[in-house]
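start-v3.cif (mmCIF, N, CA and C atoms) appears below.
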```
data_protein
#
loop_
_atom_site.label_atom_id
_atom_site.label_comp_id
_atom_site.auth_asym_id
_atom_site.auth_seq_id
_atom_site.Cartn_x
_atom_site.Cartn_y
_atom_site.Cartn_z
N GLU A 1 -16.31 -1.78 6.73
CA GLU A 1 -14.89 -1.50 6.65
C GLU A 1 -14.46 -0.76 7.90
N ALA A 2 -13.18 -0.88 8.22
CA ALA A 2 -12.65 -0.23 9.41
C ALA A 2 -11.17 0.08 9.21
N THR A 3 -10.69 0.99 10.03
CA THR A 3 -9.26 1.24 10.13
C THR A 3 -8.85 0.71 11.49
N ILE A 4 -7.83 -0.18 11.49
CA ILE A 4 -7.37 -0.77 12.75
C ILE A 4 -5.87 -0.59 12.92
N THR A 5 -5.44 -0.52 14.16
CA THR A 5 -4.02 -0.50 14.49
C THR A 5 -3.72 -1.75 15.29
N LEU A 6 -2.82 -2.57 14.76
CA LEU A 6 -2.42 -3.80 15.44
C LEU A 6 -1.49 -3.46 16.59
N ARG A 7 -1.80 -3.97 17.75
CA ARG A 7 -0.98 -3.67 18.93
C ARG A 7 0.34 -4.43 18.88
N LEU A 8 1.35 -3.82 19.48
CA LEU A 8 2.68 -4.41 19.55
C LEU A 8 2.73 -5.48 20.64
N PRO A 9 3.69 -6.41 20.54
CA PRO A 9 3.82 -7.44 21.58
C PRO A 9 3.97 -6.85 22.99
N ARG A 10 4.69 -5.74 23.12
CA ARG A 10 4.89 -5.14 24.46
C ARG A 10 3.58 -4.55 25.01
N GLU A 11 2.57 -4.41 24.13
CA GLU A 11 1.25 -3.94 24.54
C GLU A 11 0.28 -5.12 24.67
N SER A 12 0.82 -6.32 24.77
CA SER A 12 0.07 -7.58 24.83
C SER A 12 -0.61 -7.91 23.50
N GLY A 13 -0.10 -7.37 22.40
CA GLY A 13 -0.64 -7.67 21.08
C GLY A 13 -0.01 -8.91 20.47
N ARG A 14 -0.22 -9.10 19.19
CA ARG A 14 0.34 -10.25 18.48
C ARG A 14 1.84 -10.09 18.27
N ARG A 15 2.50 -11.22 18.15
CA ARG A 15 3.93 -11.22 17.80
C ARG A 15 4.12 -11.45 16.30
N THR A 16 3.09 -12.00 15.68
CA THR A 16 3.17 -12.36 14.26
C THR A 16 2.20 -11.50 13.44
N PRO A 17 2.46 -11.37 12.14
CA PRO A 17 1.60 -10.56 11.29
C PRO A 17 0.21 -11.17 11.10
N VAL A 18 -0.69 -10.36 10.58
CA VAL A 18 -2.04 -10.78 10.22
C VAL A 18 -2.14 -10.76 8.70
N VAL A 19 -2.81 -11.76 8.14
CA VAL A 19 -3.06 -11.81 6.70
C VAL A 19 -4.57 -11.88 6.48
N SER A 20 -5.00 -11.65 5.25
CA SER A 20 -6.43 -11.77 4.92
C SER A 20 -6.91 -13.16 5.29
N GLY A 21 -8.13 -13.22 5.81
CA GLY A 21 -8.70 -14.50 6.23
C GLY A 21 -8.55 -14.75 7.72
N HIS A 22 -7.80 -13.89 8.41
CA HIS A 22 -7.61 -14.05 9.85
C HIS A 22 -8.93 -13.79 10.57
N SER A 23 -9.22 -14.57 11.61
CA SER A 23 -10.43 -14.38 12.41
C SER A 23 -10.08 -13.98 13.83
N ALA A 24 -10.90 -13.10 14.39
CA ALA A 24 -10.72 -12.65 15.78
C ALA A 24 -12.10 -12.28 16.33
N GLN A 25 -12.19 -12.15 17.64
CA GLN A 25 -13.43 -11.70 18.27
C GLN A 25 -13.48 -10.18 18.19
N LEU A 26 -14.59 -9.65 17.70
CA LEU A 26 -14.76 -8.22 17.59
C LEU A 26 -15.76 -7.76 18.65
N PHE A 27 -15.38 -6.72 19.37
CA PHE A 27 -16.24 -6.11 20.38
C PHE A 27 -16.51 -4.67 19.96
N CYS A 28 -17.79 -4.30 19.99
CA CYS A 28 -18.21 -2.94 19.65
C CYS A 28 -19.44 -2.65 20.47
N GLY A 29 -19.31 -1.80 21.47
CA GLY A 29 -20.43 -1.57 22.39
C GLY A 29 -20.74 -2.88 23.10
N THR A 30 -21.96 -3.38 22.95
CA THR A 30 -22.33 -4.64 23.60
C THR A 30 -22.19 -5.83 22.65
N ALA A 31 -21.83 -5.58 21.39
CA ALA A 31 -21.69 -6.66 20.41
C ALA A 31 -20.41 -7.45 20.64
N ASP A 32 -20.50 -8.75 20.50
CA ASP A 32 -19.38 -9.68 20.61
C ASP A 32 -19.58 -10.71 19.51
N VAL A 33 -18.79 -10.61 18.43
CA VAL A 33 -19.02 -11.45 17.26
C VAL A 33 -17.67 -11.83 16.64
N THR A 34 -17.62 -13.00 16.03
CA THR A 34 -16.42 -13.40 15.29
C THR A 34 -16.35 -12.62 13.99
N ALA A 35 -15.18 -12.04 13.71
CA ALA A 35 -14.97 -11.25 12.49
C ALA A 35 -13.87 -11.88 11.66
N ARG A 36 -14.11 -12.03 10.38
CA ARG A 36 -13.08 -12.48 9.44
C ARG A 36 -12.55 -11.23 8.75
N ILE A 37 -11.23 -11.05 8.81
CA ILE A 37 -10.58 -9.82 8.35
C ILE A 37 -10.02 -10.00 6.95
N GLU A 38 -10.30 -9.03 6.08
CA GLU A 38 -9.70 -8.97 4.74
C GLU A 38 -8.95 -7.65 4.64
N LEU A 39 -7.65 -7.72 4.41
CA LEU A 39 -6.84 -6.50 4.26
C LEU A 39 -7.17 -5.82 2.93
N LEU A 40 -7.21 -4.50 2.93
CA LEU A 40 -7.57 -3.73 1.74
C LEU A 40 -6.37 -2.98 1.17
N GLU A 41 -6.60 -2.35 0.03
CA GLU A 41 -5.62 -1.47 -0.63
C GLU A 41 -4.32 -2.18 -1.01
N GLY A 42 -4.43 -3.44 -1.43
CA GLY A 42 -3.26 -4.18 -1.89
C GLY A 42 -2.32 -4.64 -0.79
N VAL A 43 -2.71 -4.47 0.47
CA VAL A 43 -1.88 -4.92 1.58
C VAL A 43 -2.06 -6.43 1.73
N SER A 44 -0.95 -7.18 1.76
CA SER A 44 -1.05 -8.63 1.90
C SER A 44 -0.72 -9.10 3.31
N VAL A 45 0.06 -8.32 4.05
CA VAL A 45 0.46 -8.68 5.41
C VAL A 45 0.46 -7.41 6.25
N ALA A 46 -0.09 -7.50 7.46
CA ALA A 46 -0.08 -6.37 8.40
C ALA A 46 0.66 -6.80 9.66
N SER A 47 1.73 -6.11 9.98
CA SER A 47 2.56 -6.44 11.13
C SER A 47 2.12 -5.66 12.37
N PRO A 48 2.43 -6.18 13.56
CA PRO A 48 2.12 -5.44 14.78
C PRO A 48 2.70 -4.02 14.71
N GLY A 49 1.89 -3.05 15.14
CA GLY A 49 2.29 -1.65 15.11
C GLY A 49 1.77 -0.91 13.89
N GLU A 50 1.33 -1.63 12.86
CA GLU A 50 0.84 -0.99 11.64
C GLU A 50 -0.65 -0.63 11.76
N THR A 51 -1.02 0.41 11.03
CA THR A 51 -2.42 0.80 10.89
C THR A 51 -2.84 0.47 9.47
N VAL A 52 -3.95 -0.27 9.33
CA VAL A 52 -4.40 -0.72 8.01
C VAL A 52 -5.92 -0.58 7.90
N ARG A 53 -6.39 -0.53 6.64
CA ARG A 53 -7.83 -0.58 6.36
C ARG A 53 -8.21 -2.02 6.12
N VAL A 54 -9.35 -2.43 6.66
CA VAL A 54 -9.81 -3.80 6.52
C VAL A 54 -11.30 -3.83 6.20
N ALA A 55 -11.72 -4.91 5.55
CA ALA A 55 -13.13 -5.25 5.42
C ALA A 55 -13.35 -6.44 6.33
N MET A 56 -14.52 -6.53 6.92
CA MET A 56 -14.79 -7.63 7.84
C MET A 56 -16.13 -8.27 7.51
N THR A 57 -16.17 -9.58 7.66
CA THR A 57 -17.43 -10.31 7.59
C THR A 57 -17.64 -10.95 8.95
N PHE A 58 -18.91 -11.12 9.31
CA PHE A 58 -19.23 -11.56 10.66
C PHE A 58 -19.93 -12.91 10.67
N GLY A 59 -19.75 -13.64 11.76
CA GLY A 59 -20.33 -14.95 11.91
C GLY A 59 -21.83 -14.93 12.09
N LYS A 60 -22.38 -13.78 12.45
CA LYS A 60 -23.83 -13.64 12.60
C LYS A 60 -24.21 -12.19 12.30
N ALA A 61 -25.47 -11.98 12.02
CA ALA A 61 -25.94 -10.62 11.71
C ALA A 61 -25.75 -9.72 12.94
N THR A 62 -25.14 -8.57 12.72
CA THR A 62 -24.85 -7.64 13.80
C THR A 62 -25.02 -6.22 13.29
N ALA A 63 -25.61 -5.37 14.11
CA ALA A 63 -25.81 -3.97 13.73
C ALA A 63 -24.68 -3.11 14.28
N PHE A 64 -24.10 -2.27 13.42
CA PHE A 64 -23.04 -1.36 13.82
C PHE A 64 -23.35 0.03 13.29
N ASP A 65 -22.67 1.02 13.83
CA ASP A 65 -22.75 2.39 13.34
C ASP A 65 -21.36 2.82 12.88
N GLU A 66 -21.31 3.70 11.88
CA GLU A 66 -20.03 4.25 11.46
C GLU A 66 -19.43 5.09 12.59
N ARG A 67 -18.13 5.16 12.61
CA ARG A 67 -17.34 5.92 13.58
C ARG A 67 -17.36 5.32 14.99
N ARG A 68 -17.86 4.10 15.13
CA ARG A 68 -17.84 3.44 16.43
C ARG A 68 -16.48 2.79 16.65
N ALA A 69 -16.01 2.83 17.88
CA ALA A 69 -14.76 2.18 18.24
C ALA A 69 -14.95 0.67 18.28
N ILE A 70 -13.93 -0.07 17.83
CA ILE A 70 -13.95 -1.53 17.88
C ILE A 70 -12.68 -2.04 18.54
N ILE A 71 -12.80 -3.23 19.10
CA ILE A 71 -11.67 -3.92 19.72
C ILE A 71 -11.63 -5.32 19.12
N LEU A 72 -10.47 -5.75 18.67
CA LEU A 72 -10.29 -7.12 18.19
C LEU A 72 -9.45 -7.88 19.21
N ARG A 73 -9.96 -9.06 19.61
CA ARG A 73 -9.27 -9.85 20.62
C ARG A 73 -9.11 -11.29 20.16
N GLU A 74 -8.06 -11.94 20.65
CA GLU A 74 -7.88 -13.37 20.44
C GLU A 74 -7.09 -13.93 21.62
N SER A 75 -7.45 -15.10 22.03
CA SER A 75 -6.78 -15.79 23.15
C SER A 75 -6.64 -14.89 24.38
N GLY A 76 -7.68 -14.10 24.67
CA GLY A 76 -7.66 -13.25 25.86
C GLY A 76 -6.83 -11.99 25.75
N ARG A 77 -6.29 -11.71 24.55
CA ARG A 77 -5.46 -10.51 24.35
C ARG A 77 -6.13 -9.56 23.37
N THR A 78 -5.99 -8.27 23.61
CA THR A 78 -6.45 -7.27 22.64
C THR A 78 -5.37 -7.15 21.58
N ILE A 79 -5.70 -7.52 20.34
CA ILE A 79 -4.69 -7.49 19.28
C ILE A 79 -4.77 -6.26 18.40
N ALA A 80 -5.94 -5.57 18.42
CA ALA A 80 -6.09 -4.37 17.59
C ALA A 80 -7.20 -3.49 18.12
N LEU A 81 -7.03 -2.20 17.88
CA LEU A 81 -8.05 -1.20 18.19
C LEU A 81 -8.36 -0.46 16.90
N GLY A 82 -9.60 -0.03 16.74
CA GLY A 82 -9.91 0.66 15.50
C GLY A 82 -11.23 1.37 15.53
N THR A 83 -11.66 1.80 14.33
CA THR A 83 -12.89 2.55 14.15
C THR A 83 -13.57 2.07 12.88
N ILE A 84 -14.88 1.88 12.97
CA ILE A 84 -15.67 1.54 11.77
C ILE A 84 -15.72 2.78 10.88
N THR A 85 -15.38 2.63 9.62
CA THR A 85 -15.33 3.76 8.71
C THR A 85 -16.43 3.75 7.66
N ARG A 86 -16.94 2.56 7.35
CA ARG A 86 -17.96 2.45 6.29
C ARG A 86 -18.75 1.18 6.50
N LEU A 87 -20.06 1.27 6.31
CA LEU A 87 -20.93 0.10 6.41
C LEU A 87 -21.34 -0.32 5.00
N ASN A 88 -21.21 -1.60 4.72
CA ASN A 88 -21.65 -2.15 3.45
C ASN A 88 -22.93 -2.93 3.68
N PRO A 89 -23.90 -2.78 2.79
CA PRO A 89 -25.18 -3.49 2.99
C PRO A 89 -25.03 -4.99 2.91
#
```
Let me see the structure of the file written as structure tokens.
Amino acid sequence: EATITLRLPRESGRRTPVVSGHSAQLFCGTADVTARIELLEGVSVASPGETVRVAMTFGKATAFDERRAIILRESGRTIALGTITRLNP
């Protein structure tokens, strides 16, 4: 799980909201992996500029540590910045 803040269009972020099931490239340290995002706490849509809690599943096995910074990118743009808050086995 992580807390992420979606960047605004003027920050080169997305112009459209994110919904559960959205995929983006996740960077954390040297890791570069596809992440599928699930919005938590009853949130169905996250708009640019919002901070939300998410659960993520990865396209391949990857090791992470709690409290590590993450970057979500798509199409060459950084769409969100965040922090890993909890690791699920």
Using the chain letters and numbers from the file, give me the residues hit by the PyMOL selection byres ((chain A and resi 57-67) around 6), as a PDB file with N, CA and C atoms, keeping the file's coordinate frame.
```pdb
ATOM      1  N   VAL A  33     -18.790 -10.610  18.430  1.00  0.00           N
ATOM      2  CA  VAL A  33     -19.020 -11.450  17.260  1.00  0.00           C
ATOM      3  C   VAL A  33     -17.670 -11.830  16.640  1.00  0.00           C
ATOM      4  N   THR A  34     -17.620 -13.000  16.030  1.00  0.00           N
ATOM      5  CA  THR A  34     -16.420 -13.400  15.290  1.00  0.00           C
ATOM      6  C   THR A  34     -16.350 -12.620  13.990  1.00  0.00           C
ATOM      7  N   ALA A  35     -15.180 -12.040  13.710  1.00  0.00           N
ATOM      8  CA  ALA A  35     -14.970 -11.250  12.490  1.00  0.00           C
ATOM      9  C   ALA A  35     -13.870 -11.880  11.660  1.00  0.00           C
ATOM     10  N   ARG A  36     -14.110 -12.030  10.380  1.00  0.00           N
ATOM     11  CA  ARG A  36     -13.080 -12.480   9.440  1.00  0.00           C
ATOM     12  C   ARG A  36     -12.550 -11.230   8.750  1.00  0.00           C
ATOM     13  N   ILE A  37     -11.230 -11.050   8.810  1.00  0.00           N
ATOM     14  CA  ILE A  37     -10.580  -9.820   8.350  1.00  0.00           C
ATOM     15  C   ILE A  37     -10.020 -10.000   6.950  1.00  0.00           C
ATOM     16  N   ALA A  55     -11.720  -4.910   5.550  1.00  0.00           N
ATOM     17  CA  ALA A  55     -13.130  -5.250   5.420  1.00  0.00           C
ATOM     18  C   ALA A  55     -13.350  -6.440   6.330  1.00  0.00           C
ATOM     19  N   MET A  56     -14.520  -6.530   6.920  1.00  0.00           N
ATOM     20  CA  MET A  56     -14.790  -7.630   7.840  1.00  0.00           C
ATOM     21  C   MET A  56     -16.130  -8.270   7.510  1.00  0.00           C
ATOM     22  N   ARG A  68     -17.860   4.100  15.130  1.00  0.00           N
ATOM     23  CA  ARG A  68     -17.840   3.440  16.430  1.00  0.00           C
ATOM     24  C   ARG A  68     -16.480   2.790  16.650  1.00  0.00           C
ATOM     25  N   ALA A  69     -16.010   2.830  17.880  1.00  0.00           N
ATOM     26  CA  ALA A  69     -14.760   2.180  18.240  1.00  0.00           C
ATOM     27  C   ALA A  69     -14.950   0.670  18.280  1.00  0.00           C
ATOM     28  N   THR A  83     -11.660   1.800  14.330  1.00  0.00           N
ATOM     29  CA  THR A  83     -12.890   2.550  14.150  1.00  0.00           C
ATOM     30  C   THR A  83     -13.570   2.070  12.880  1.00  0.00           C
ATOM     31  N   ILE A  84     -14.880   1.880  12.970  1.00  0.00           N
ATOM     32  CA  ILE A  84     -15.670   1.540  11.770  1.00  0.00           C
ATOM     33  C   ILE A  84     -15.720   2.780  10.880  1.00  0.00           C
ATOM     34  N   THR A  85     -15.380   2.630   9.620  1.00  0.00           N
ATOM     35  CA  THR A  85     -15.330   3.760   8.710  1.00  0.00           C
ATOM     36  C   THR A  85     -16.430   3.750   7.660  1.00  0.00           C
ATOM     37  N   ARG A  86     -16.940   2.560   7.350  1.00  0.00           N
ATOM     38  CA  ARG A  86     -17.960   2.450   6.290  1.00  0.00           C
ATOM     39  C   ARG A  86     -18.750   1.180   6.500  1.00  0.00           C
ATOM     40  N   LEU A  87     -20.060   1.270   6.310  1.00  0.00           N
ATOM     41  CA  LEU A  87     -20.930   0.100   6.410  1.00  0.00           C
ATOM     42  C   LEU A  87     -21.340  -0.320   5.000  1.00  0.00           C
TER      43      LEU A  87
END
```
- Which of chain A DSSP labels strand (DSSP E or B), written as a PyMOL selection string: chain A and resi 2-6+18-19+22-28+31-39+45-46+51-58+69-74+77-84
Output file for the selection above: N, CA and C atoms, as a short mmCIF file (atom, residue, chain, number, x, y, z; two decimals), in the frame of the given file:
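After the write, again_2.cif holds the following:
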```cif
data_model
loop_
_atom_site.label_atom_id
_atom_site.label_comp_id
_atom_site.auth_asym_id
_atom_site.auth_seq_id
_atom_site.Cartn_x
_atom_site.Cartn_y
_atom_site.Cartn_z
N ALA A 2 -13.18 -0.88 8.22
CA ALA A 2 -12.65 -0.23 9.41
C ALA A 2 -11.17 0.08 9.21
N THR A 3 -10.69 0.99 10.03
CA THR A 3 -9.26 1.24 10.13
C THR A 3 -8.85 0.71 11.49
N ILE A 4 -7.83 -0.18 11.49
CA ILE A 4 -7.37 -0.77 12.75
C ILE A 4 -5.87 -0.59 12.92
N THR A 5 -5.44 -0.52 14.16
CA THR A 5 -4.02 -0.50 14.49
C THR A 5 -3.72 -1.75 15.29
N LEU A 6 -2.82 -2.57 14.76
CA LEU A 6 -2.42 -3.80 15.44
C LEU A 6 -1.49 -3.46 16.59
N VAL A 18 -0.69 -10.36 10.58
CA VAL A 18 -2.04 -10.78 10.22
C VAL A 18 -2.14 -10.76 8.70
N VAL A 19 -2.81 -11.76 8.14
CA VAL A 19 -3.06 -11.81 6.70
C VAL A 19 -4.57 -11.88 6.48
N HIS A 22 -7.80 -13.89 8.41
CA HIS A 22 -7.61 -14.05 9.85
C HIS A 22 -8.93 -13.79 10.57
N SER A 23 -9.22 -14.57 11.61
CA SER A 23 -10.43 -14.38 12.41
C SER A 23 -10.08 -13.98 13.83
N ALA A 24 -10.90 -13.10 14.39
CA ALA A 24 -10.72 -12.65 15.78
C ALA A 24 -12.10 -12.28 16.33
N GLN A 25 -12.19 -12.15 17.64
CA GLN A 25 -13.43 -11.70 18.27
C GLN A 25 -13.48 -10.18 18.19
N LEU A 26 -14.59 -9.65 17.70
CA LEU A 26 -14.76 -8.22 17.59
C LEU A 26 -15.76 -7.76 18.65
N PHE A 27 -15.38 -6.72 19.37
CA PHE A 27 -16.24 -6.11 20.38
C PHE A 27 -16.51 -4.67 19.96
N CYS A 28 -17.79 -4.30 19.99
CA CYS A 28 -18.21 -2.94 19.65
C CYS A 28 -19.44 -2.65 20.47
N ALA A 31 -21.83 -5.58 21.39
CA ALA A 31 -21.69 -6.66 20.41
C ALA A 31 -20.41 -7.45 20.64
N ASP A 32 -20.50 -8.75 20.50
CA ASP A 32 -19.38 -9.68 20.61
C ASP A 32 -19.58 -10.71 19.51
N VAL A 33 -18.79 -10.61 18.43
CA VAL A 33 -19.02 -11.45 17.26
C VAL A 33 -17.67 -11.83 16.64
N THR A 34 -17.62 -13.00 16.03
CA THR A 34 -16.42 -13.40 15.29
C THR A 34 -16.35 -12.62 13.99
N ALA A 35 -15.18 -12.04 13.71
CA ALA A 35 -14.97 -11.25 12.49
C ALA A 35 -13.87 -11.88 11.66
N ARG A 36 -14.11 -12.03 10.38
CA ARG A 36 -13.08 -12.48 9.44
C ARG A 36 -12.55 -11.23 8.75
N ILE A 37 -11.23 -11.05 8.81
CA ILE A 37 -10.58 -9.82 8.35
C ILE A 37 -10.02 -10.00 6.95
N GLU A 38 -10.30 -9.03 6.08
CA GLU A 38 -9.70 -8.97 4.74
C GLU A 38 -8.95 -7.65 4.64
N LEU A 39 -7.65 -7.72 4.41
CA LEU A 39 -6.84 -6.50 4.26
C LEU A 39 -7.17 -5.82 2.93
N VAL A 45 0.06 -8.32 4.05
CA VAL A 45 0.46 -8.68 5.41
C VAL A 45 0.46 -7.41 6.25
N ALA A 46 -0.09 -7.50 7.46
CA ALA A 46 -0.08 -6.37 8.40
C ALA A 46 0.66 -6.80 9.66
N THR A 51 -1.02 0.41 11.03
CA THR A 51 -2.42 0.80 10.89
C THR A 51 -2.84 0.47 9.47
N VAL A 52 -3.95 -0.27 9.33
CA VAL A 52 -4.40 -0.72 8.01
C VAL A 52 -5.92 -0.58 7.90
N ARG A 53 -6.39 -0.53 6.64
CA ARG A 53 -7.83 -0.58 6.36
C ARG A 53 -8.21 -2.02 6.12
N VAL A 54 -9.35 -2.43 6.66
CA VAL A 54 -9.81 -3.80 6.52
C VAL A 54 -11.30 -3.83 6.20
N ALA A 55 -11.72 -4.91 5.55
CA ALA A 55 -13.13 -5.25 5.42
C ALA A 55 -13.35 -6.44 6.33
N MET A 56 -14.52 -6.53 6.92
CA MET A 56 -14.79 -7.63 7.84
C MET A 56 -16.13 -8.27 7.51
N THR A 57 -16.17 -9.58 7.66
CA THR A 57 -17.43 -10.31 7.59
C THR A 57 -17.64 -10.95 8.95
N PHE A 58 -18.91 -11.12 9.31
CA PHE A 58 -19.23 -11.56 10.66
C PHE A 58 -19.93 -12.91 10.67
N ALA A 69 -16.01 2.83 17.88
CA ALA A 69 -14.76 2.18 18.24
C ALA A 69 -14.95 0.67 18.28
N ILE A 70 -13.93 -0.07 17.83
CA ILE A 70 -13.95 -1.53 17.88
C ILE A 70 -12.68 -2.04 18.54
N ILE A 71 -12.80 -3.23 19.10
CA ILE A 71 -11.67 -3.92 19.72
C ILE A 71 -11.63 -5.32 19.12
N LEU A 72 -10.47 -5.75 18.67
CA LEU A 72 -10.29 -7.12 18.19
C LEU A 72 -9.45 -7.88 19.21
N ARG A 73 -9.96 -9.06 19.61
CA ARG A 73 -9.27 -9.85 20.62
C ARG A 73 -9.11 -11.29 20.16
N GLU A 74 -8.06 -11.94 20.65
CA GLU A 74 -7.88 -13.37 20.44
C GLU A 74 -7.09 -13.93 21.62
N ARG A 77 -6.29 -11.71 24.55
CA ARG A 77 -5.46 -10.51 24.35
C ARG A 77 -6.13 -9.56 23.37
N THR A 78 -5.99 -8.27 23.61
CA THR A 78 -6.45 -7.27 22.64
C THR A 78 -5.37 -7.15 21.58
N ILE A 79 -5.70 -7.52 20.34
CA ILE A 79 -4.69 -7.49 19.28
C ILE A 79 -4.77 -6.26 18.40
N ALA A 80 -5.94 -5.57 18.42
CA ALA A 80 -6.09 -4.37 17.59
C ALA A 80 -7.20 -3.49 18.12
N LEU A 81 -7.03 -2.20 17.88
CA LEU A 81 -8.05 -1.20 18.19
C LEU A 81 -8.36 -0.46 16.90
N GLY A 82 -9.60 -0.03 16.74
CA GLY A 82 -9.91 0.66 15.50
C GLY A 82 -11.23 1.37 15.53
N THR A 83 -11.66 1.80 14.33
CA THR A 83 -12.89 2.55 14.15
C THR A 83 -13.57 2.07 12.88
N ILE A 84 -14.88 1.88 12.97
CA ILE A 84 -15.67 1.54 11.77
C ILE A 84 -15.72 2.78 10.88
#
```
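The space separating CA of His22 (chain A) from CA of Glu38 (chain A) comes to 7.5 Å.
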- Message: Between atom C of Ser44 (chain A) and atom C of Ala31 (chain A), what distance in Å does the model show, to one decimal?
- Response: 26.3 Å
- Mind pulling up the distance from CA of Arg73 (chain A) to CA of Phe27 (chain A)? 7.9 Å
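For the choices A:Pro9, A:Pro89, A:Gly82, A:Pro17, the atom-to-atom distance to Ser47 (chain A) is smallest for A:Pro17 when using only N, CA and C atoms.
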- Message: Residues near Ile71 (chain A), anyone? I mean within 8 Å using only N, CA and C atoms, not counting same-chain ones fewer than 5 positions away, as a PyMOL selection string.
- Response: chain A and resi 24-29+78-83
- Decode the PyMOL selection byres ((chain A and resi 50) around 6) for the given file into explicit residues and return them as a count of residues only. 8
Any chance you could work out the axis-aligned box around region 1-4 of chain A, listed atoms only, 6 Å on each side, giving centre and edge lengths in Å to one decimal, as JSON?
```
{"center_x": -11.1, "center_y": -0.3, "center_z": 9.8, "size_x": 22.4, "size_y": 15.0, "size_z": 18.3}
```
- Item | From A:Ser75, A:Ala2, A:Val19, A:Asn88, residue lying nearest Ala46 (chain A) [all atoms listed in the file] |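 When distances to Ala46 (chain A) are compared using all atoms listed in the file, the smallest one comes from A:Val19.
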- Report as a ChimeraX atom specification the residues that result from applying the PyMOL selection byres (((chain A and resi 12 and name CA) around 10) and name CA) to the structure here. /A:7-11,13-15,76-79
